[in-house]
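*Asks:* The structure is given below, and queries will be raised subsequently.
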Amino acid sequence: MTAREPQRCQALTTRGERCRNPAGAGGLCTLHRRRLEAAAAQAGEGPEAGADLGAVAPFLAWAEEALEFLRRRLLGEYAVDEFGHDPDLVEHVLAPLLRPLYRHWWRVEVRGLEHVPDEGAALVVGNHAGTLPFDAMMVTLALLDEHPARRSLRVLAADLAFTLPVVAPLARKAGNTLACSEDAERLLEAGELVGVFPEGFKGLGKPFRERYRLQRFGRGGFVEVALRTGAPIVPVAVVGSEEIYPMVVNLRRVARLLGFPYFPVTPTFPLLGPLGAIPLPSKWVIEFCPPIPTADVGHEAMLDPMVVFDLTDQVRDTIQQTVYRNLLGRRGVFA
Amino acid sequence: MMARRVLVTGATRSTGRRLVAALAEEPEVASVVAVDHREPPEPFPAKVEFLGADLRSPALVRAVESAGIDTCVHLGVTAEPRAAGGRATMKERNVLGTMQLLAAAYHAPDLRRLVLKSTTAVYGSAPGDPAVWTETMPHDSPRHGFGKDAIQVEDYVRSFNRRRPDVTVTVLRLANQVGPTVDNPLTRYFELPVCPTVFGFDPRLQFLHEQDTVRVLLRATLGPAVHGTFNIAGDGVVLLSQAIRIAGKPPLPIPEPLVGSVAELLRRTVDFSPEQVGFLQYGRVADTTAACEQLGFSPKWSSPHAFEDFAASRLRKLVTQEQVTRVEREALATLRRAAAGWLGGGTGPGGAR
C-alpha cells in the first residue's frame, strides 16, 4: 500500500495549480527542476536571452511539457496504483481528450459539488444511460476538473470492459476497476471516492422511449459495501446522457452473436457507418445530491435485508426525483 | 533455541542454492540437508550435506526420518515443464514428489516446522478477478500447469497439517521473482530481443526481488513460528508496458488469436506454460498486508525497484535513458531555434500576420 500515492512535484504550473507530475530529487519533477535551472541561468545572463519569445512562449512551455511526458512514458517513469490507475496518463492524455466533449459538445453544467467530500471515502451512485458509458466519464471529469479537491472518481465497471482488447487497459488506467464487492471495499477502505452505476447494462442499453426512467438498482450490493465500510452515499443525477445515442431498436440476435449485452440501432447508427458513432450534442446537467450517511447504521442493521432494500430505494428515489426536476428545468434537449 | 537441522528440497536451483548458503551461515543451524535430483553446479558449504535424490526415492524417506530434521523447507515445486523434462514429469515431480515428502515427514518424530514455497499463480489470471487478491478470497482453480500443481501441493500440505497439528505449516505464495541471478520463464521473456505482448492488454504485475525471496524463506525457517498462508510480493505494481520500457525493449503486440502459436514458438527459449500466457494478458496482484502484520515481513525492494535492479544488471537495453533524454533536449532546442528564427525573420508578432 506504500506506493499508492507517489510523491508529487512541489511547483505550481503555469495555470497556477499544483503540478501533479511525480517528484524526483529536490521535491520537483524533471520539468520544473529544469525550468528552475534555466531561470537561474537566464538571470545570470541578463534578460535578453528569453525575452523576445513572448508570443510563442506558451506554445514552447506546452511543447516542453509534452516532450517531458513522452520521455517519462518511453522510460516507464510513472507510477500506477494496485488497481492500475495511472494519474499521469489521465492528466496528460485521457482528460484532455474528453474535455472538449465536456465543455463544448455537451456543455456540462455541474451542481452540488459541495456534497462530495474533499477527502476520505464516499460512494457516488448515479443513473446510467446512453448506450456507451459517457455519463461515467463525464461525472469523473466533473470531479477531476471542477471539484476543489480535484478528486479522482474510481468507477466500478462491468466485467465486459476488462475482456475487450484496448478497452481493458484503458479502463484500468483511467481509474476504473471491476464491479465486485472486494474491489469496492478495498478502494473505500483506502479512502477513495468510488463511483457506481447500479443499473448496469439495463440502464445503459434501454430503448429511447424509456429514457430517464430508472431501472432496477441491482441487488443493492453497493449499499451493503457502503454499510460495511461506513462510507456515505452521494447520489448523482445525470441529465442529457439519454439523448446522445437514442436507441430505437435493440438487435438482440446480433448482440448475442457478438457477445455484447445489446446492439443499438439509433437514427444514425449503423445507417451512417462510423459517422453514426458521433454522439448527439444534448445539453447535460450533473447534480450531486446531499450525502446519505451510513456510518451510524448499527451492526445488526447491516445484516438486515430490509435496511438494505430501504436504503437502495432511498438512493434510487433521490436520483429519480432530481432527474425529473432537472429535466423540467432544461429549456430543450439541445439548448 | 536448540541447534536446528533443516532439510531443503529443490536445493540446487537458484533460490535453493541461495537459501542453503544463507542457512549455512546462521550459527543456530547445526546442519542442512540439501535435496535435489540434479547435482549442484558448485559444492555446498561445510555444514551442508547434499543428497542427490529424487523426492520419490526411498533415500529421501530415510534422510527425513533419521537425521533428526526439525524443519523442512519445500522449494521443489517447479514452473518449467521443459527443464523438468516435459509436463508429465513436471507434474510427477511437483505433486507426487510432494506427496512422498509429506509421507516421509509424517513419520519424522522431530519435525516441528514445514515451509512451503508456493506461488501467487494459484489465483490464476482472468478478467473477472478482483483487482487485489487476499489469501482468504475464494478463487477458481487454474486448470493446468504450475498454478494447478501449486494448488494441489497446497492442498496436500494442508491435509498433512490436519494429521500433524504439532507441525507449524507456513505457506508462502511468492510473486514472480526477478533479480541479478534468477533464471525463470519471466526473466527469460524479458531477455528476448523484443517482448511479445497480447494486443490491447496491459496487465498489472508484481515482482519479488531474489534477496527478498531468501529473506522471507529465512524468516519463515528460523524466525518465530507463524502458522498460515501468506502472499509475498514487492510493494506497488508495474504494468507490463512499463516493465518493457524499463527493460528498454520494443514491445511486439500479437493479436489474441495468434497468441497461442507465438507462445508455442517461444516455448523452446522461454519455457512458458499456457497459464503464464494468461498471466501476460490479465496479470495478477496479491495483497501483502497479512505477511506484514502476522509474519512481520516486508520486502526491502518494491516491485518497480526490484524490476529496475533486474533490468540494470541483466538486460542489454535497446532504448536507454541517455538516448531518450538527448532526443528530448534536441527536439526542444530545435523548437526554440525555430521559434526564435520565426520571430526574428518577421517583425515580431505583428509581422507574422
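Ordered as shown in the C-alpha cells, chains take letters A, B, and onward, while each chain numbers its residues from 1 and ligands are numbered from 1 in the order shown.
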Taking the backbone alone, and naming residues the way the document does, which bits of region 135-290 of chain B are strand (DSSP E) by DSSP, as a PDB file with C-alpha atoms, in the first residue's frame?

*Replies:*
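Wrote it out as out.pdb, contents follow:
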```pdb
ATOM      1  CA  THR B 168       3.754 -25.350  12.149  1.00  0.00           C
ATOM      2  CA  VAL B 169       2.998 -25.003   8.460  1.00  0.00           C
ATOM      3  CA  THR B 170       3.874 -21.750   6.684  1.00  0.00           C
ATOM      4  CA  VAL B 171       2.825 -21.456   3.051  1.00  0.00           C
ATOM      5  CA  LEU B 172       4.448 -18.591   1.158  1.00  0.00           C
ATOM      6  CA  ARG B 173       2.763 -17.580  -2.087  1.00  0.00           C
ATOM      7  CA  LEU B 174       5.542 -15.738  -3.889  1.00  0.00           C
ATOM      8  CA  ASN B 176       7.267 -13.525  -9.809  1.00  0.00           C
ATOM      9  CA  GLN B 177      10.906 -13.357  -8.825  1.00  0.00           C
ATOM     10  CA  VAL B 178      13.434 -11.098 -10.500  1.00  0.00           C
ATOM     11  CA  CYS B 195       8.852  -8.651 -25.945  1.00  0.00           C
ATOM     12  CA  PRO B 196       5.688 -10.153 -27.480  1.00  0.00           C
ATOM     13  CA  THR B 197       2.533  -8.914 -25.744  1.00  0.00           C
ATOM     14  CA  VAL B 198      -1.160  -9.667 -26.225  1.00  0.00           C
ATOM     15  CA  ARG B 204      -0.549  -5.358 -13.741  1.00  0.00           C
ATOM     16  CA  LEU B 205       2.448  -7.341 -12.481  1.00  0.00           C
ATOM     17  CA  PHE B 207       7.740  -8.652  -8.597  1.00  0.00           C
ATOM     18  CA  LEU B 208       9.747 -10.045  -5.724  1.00  0.00           C
ATOM     19  CA  HIS B 209      13.475  -9.389  -5.580  1.00  0.00           C
ATOM     20  CA  GLY B 228      -0.714 -19.709   7.852  1.00  0.00           C
ATOM     21  CA  THR B 229      -0.661 -18.796   4.188  1.00  0.00           C
ATOM     22  CA  PHE B 230       0.904 -15.518   3.082  1.00  0.00           C
ATOM     23  CA  ASN B 231       1.239 -13.582  -0.163  1.00  0.00           C
ATOM     24  CA  ILE B 232       4.767 -12.289  -0.653  1.00  0.00           C
ATOM     25  CA  VAL B 238       4.307  -2.421 -12.593  1.00  0.00           C
ATOM     26  CA  LEU B 239       2.353  -2.541 -15.833  1.00  0.00           C
ATOM     27  CA  PRO B 251       7.104  -4.429 -27.459  1.00  0.00           C
ATOM     28  CA  LEU B 252       5.590  -6.659 -30.149  1.00  0.00           C
ATOM     29  CA  PRO B 253       1.792  -6.749 -29.822  1.00  0.00           C
ATOM     30  CA  ILE B 254       0.317 -10.035 -31.085  1.00  0.00           C
TER      31      ILE B 254
END
```

*Asks:* Any idea what's packed within 12 Å of region 219-225 of chain A, counting only C-alpha atoms, ignoring anything in its chain fewer than 4 positions away? Could you give it as number ranges by chain?

*Replies:* A: 121-126, 156, 179-189, 194-200, 215, 229-235, 292-295, 297, 299, 301-316

*Asks:* Report as a PyMOL selection string all protein, DNA and RNA residues lying within 9 Å of region 102-105 of chain A, evaluated on only C-alpha atoms, omitting residues in the same chain fewer than 2 positions from it.

*Replies:* chain A and resi 98-100+107-109+138+141-142+280-284

*Asks:* According to DSSP computed on the backbone, where in region 149-301 of chain B is there helix (DSSP H, G or I)? Give the residues as a ChimeraX atom specification.

*Replies:* /B:149-163,185-190,210-222,240-246,256-270,274-282,289-295

*Asks:* If we count only C-alpha atoms, what is near Gly145 (chain B) at a cut-off of 10 Å, once residues fewer than 2 positions away on the same chain are taken out, given as a list of chain:residue names?

*Replies:*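 Near Gly145 (chain B), the qualifying residues are B:Thr78, B:Ala79, B:Glu80, B:Pro81, B:Arg87, B:Met90, B:Lys91, B:Ala121, B:Pro142, B:Arg143, B:Gly147, B:Lys148, B:Asp149, B:Ala150, B:Phe272, B:Ser273, B:Pro274, B:Glu275, B:Gln276.
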
*Asks:* Take the selection from the previous step and output its residues with N, CA and C atoms, as an mmCIF file, in the first residue's frame.

*Replies:*
```
data_model
loop_
_atom_site.group_PDB
_atom_site.id
_atom_site.type_symbol
_atom_site.label_atom_id
_atom_site.label_comp_id
_atom_site.auth_asym_id
_atom_site.auth_seq_id
_atom_site.Cartn_x
_atom_site.Cartn_y
_atom_site.Cartn_z
ATOM 1 N N THR B 78 8.239 -26.881 -9.300
ATOM 2 C CA THR B 78 8.837 -26.139 -10.400
ATOM 3 C C THR B 78 7.791 -25.668 -11.405
ATOM 4 N N ALA B 79 8.136 -24.567 -12.082
ATOM 5 C CA ALA B 79 7.207 -23.969 -13.048
ATOM 6 C C ALA B 79 7.647 -24.228 -14.472
ATOM 7 N N GLU B 80 8.695 -25.014 -14.670
ATOM 8 C CA GLU B 80 9.277 -25.100 -16.007
ATOM 9 C C GLU B 80 9.189 -26.509 -16.561
ATOM 10 N N PRO B 81 8.169 -26.742 -17.420
ATOM 11 C CA PRO B 81 7.973 -28.092 -17.940
ATOM 12 C C PRO B 81 9.170 -28.612 -18.731
ATOM 13 N N ARG B 87 5.859 -31.867 -19.419
ATOM 14 C CA ARG B 87 4.814 -31.527 -18.472
ATOM 15 C C ARG B 87 4.468 -32.699 -17.549
ATOM 16 N N MET B 90 7.082 -32.961 -14.957
ATOM 17 C CA MET B 90 6.968 -31.820 -14.058
ATOM 18 C C MET B 90 5.867 -32.066 -13.029
ATOM 19 N N LYS B 91 4.730 -32.576 -13.526
ATOM 20 C CA LYS B 91 3.609 -32.837 -12.628
ATOM 21 C C LYS B 91 3.965 -33.947 -11.635
ATOM 22 N N ALA B 121 0.487 -17.762 -8.467
ATOM 23 C CA ALA B 121 -0.180 -18.352 -9.639
ATOM 24 C C ALA B 121 -1.396 -19.173 -9.233
ATOM 25 N N PRO B 142 -6.784 -22.658 -11.204
ATOM 26 C CA PRO B 142 -6.247 -22.754 -12.554
ATOM 27 C C PRO B 142 -6.362 -24.201 -13.019
ATOM 28 N N ARG B 143 -6.705 -24.387 -14.288
ATOM 29 C CA ARG B 143 -6.998 -25.733 -14.753
ATOM 30 C C ARG B 143 -5.777 -26.492 -15.239
ATOM 31 N N GLY B 147 0.170 -23.430 -11.805
ATOM 32 C CA GLY B 147 -0.838 -22.990 -10.851
ATOM 33 C C GLY B 147 -1.628 -24.165 -10.296
ATOM 34 N N LYS B 148 -1.994 -25.101 -11.187
ATOM 35 C CA LYS B 148 -2.761 -26.267 -10.753
ATOM 36 C C LYS B 148 -1.921 -27.142 -9.829
ATOM 37 N N ASP B 149 -0.653 -27.361 -10.217
ATOM 38 C CA ASP B 149 0.242 -28.142 -9.361
ATOM 39 C C ASP B 149 0.341 -27.503 -7.986
ATOM 40 N N ALA B 150 0.534 -26.169 -7.974
ATOM 41 C CA ALA B 150 0.743 -25.471 -6.711
ATOM 42 C C ALA B 150 -0.486 -25.603 -5.812
ATOM 43 N N PHE B 272 7.389 -21.195 -21.489
ATOM 44 C CA PHE B 272 6.117 -20.728 -20.947
ATOM 45 C C PHE B 272 5.100 -21.854 -20.928
ATOM 46 N N SER B 273 4.343 -21.942 -19.866
ATOM 47 C CA SER B 273 3.175 -22.817 -19.929
ATOM 48 C C SER B 273 1.952 -21.925 -20.165
ATOM 49 N N PRO B 274 0.837 -22.530 -20.649
ATOM 50 C CA PRO B 274 -0.283 -21.692 -21.107
ATOM 51 C C PRO B 274 -0.791 -20.707 -20.055
ATOM 52 N N GLU B 275 -0.761 -21.078 -18.765
ATOM 53 C CA GLU B 275 -1.335 -20.150 -17.788
ATOM 54 C C GLU B 275 -0.426 -18.934 -17.594
ATOM 55 N N GLN B 276 0.854 -19.085 -17.998
ATOM 56 C CA GLN B 276 1.713 -17.913 -17.911
ATOM 57 C C GLN B 276 1.418 -16.934 -19.045
#
```

*Asks:* Excluding Lys300 (chain B) and residues on its chain fewer than 4 positions from it, collect all residues at most 12 Å away from it, counting only C-alpha atoms, and give them as a short mmCIF file (atom, residue, chain, number, x, y, z; two decimals) with N, CA and C atoms, in the first residue's frame.

*Replies:*
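Dumped everything to result_8.cif:
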```cif
data_model
loop_
_atom_site.label_atom_id
_atom_site.label_comp_id
_atom_site.auth_asym_id
_atom_site.auth_seq_id
_atom_site.Cartn_x
_atom_site.Cartn_y
_atom_site.Cartn_z
N PHE B 207 6.48 -7.93 -8.60
CA PHE B 207 7.74 -8.65 -8.60
C PHE B 207 8.26 -8.81 -7.18
N LEU B 208 9.08 -9.82 -7.00
CA LEU B 208 9.75 -10.05 -5.72
C LEU B 208 11.24 -10.16 -6.02
N HIS B 209 12.03 -9.34 -5.35
CA HIS B 209 13.47 -9.39 -5.58
C HIS B 209 14.06 -10.66 -4.98
N GLU B 210 15.06 -11.24 -5.65
CA GLU B 210 15.62 -12.51 -5.19
C GLU B 210 16.17 -12.42 -3.76
N GLN B 211 16.69 -11.26 -3.37
CA GLN B 211 17.16 -11.12 -1.99
C GLN B 211 16.01 -11.24 -1.00
N ASP B 212 14.85 -10.66 -1.38
CA ASP B 212 13.68 -10.74 -0.51
C ASP B 212 13.14 -12.17 -0.44
N THR B 213 13.29 -12.92 -1.55
CA THR B 213 12.88 -14.33 -1.52
C THR B 213 13.64 -15.06 -0.43
N VAL B 214 14.96 -14.89 -0.42
CA VAL B 214 15.76 -15.58 0.58
C VAL B 214 15.44 -15.05 1.97
N ARG B 215 15.22 -13.74 2.09
CA ARG B 215 14.90 -13.17 3.41
C ARG B 215 13.61 -13.76 3.96
N VAL B 216 12.60 -13.87 3.11
CA VAL B 216 11.32 -14.36 3.64
C VAL B 216 11.40 -15.85 3.96
N ILE B 232 3.51 -13.00 -0.78
CA ILE B 232 4.77 -12.29 -0.65
C ILE B 232 5.08 -11.62 -1.99
N ALA B 233 5.15 -10.26 -1.98
CA ALA B 233 5.45 -9.53 -3.21
C ALA B 233 5.99 -8.16 -2.83
N GLY B 234 6.75 -7.57 -3.73
CA GLY B 234 7.22 -6.21 -3.52
C GLY B 234 6.04 -5.25 -3.53
N ASP B 235 6.17 -4.12 -2.82
CA ASP B 235 5.10 -3.12 -2.81
C ASP B 235 4.89 -2.57 -4.21
N CYS B 292 2.91 -8.79 6.26
CA CYS B 292 3.49 -7.69 7.03
C CYS B 292 3.04 -7.75 8.48
N PRO B 304 8.61 -2.03 -8.55
CA PRO B 304 9.36 -1.28 -9.58
C PRO B 304 10.87 -1.33 -9.34
N HIS B 305 11.31 -1.20 -8.07
CA HIS B 305 12.75 -1.21 -7.80
C HIS B 305 13.37 -2.57 -8.09
N ALA B 306 12.66 -3.62 -7.72
CA ALA B 306 13.17 -4.96 -7.98
C ALA B 306 13.35 -5.15 -9.48
#
```

*Asks:* Just to confirm, what's the straight-line distance from CA of Arg172 (chain A) to CA of Val239 (chain A) in Å (one decimal)?

*Replies:*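 Separation between CA of Arg172 (chain A) and CA of Val239 (chain A): 25.9 Å.
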
*Asks:* Expressed in Å to a single decimal, how great is the separation between CA of Phe59 (chain A) and CA of Gln321 (chain B)?

*Replies:*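 We find that CA of Phe59 (chain A) and CA of Gln321 (chain B) lie 25.6 Å from each other.
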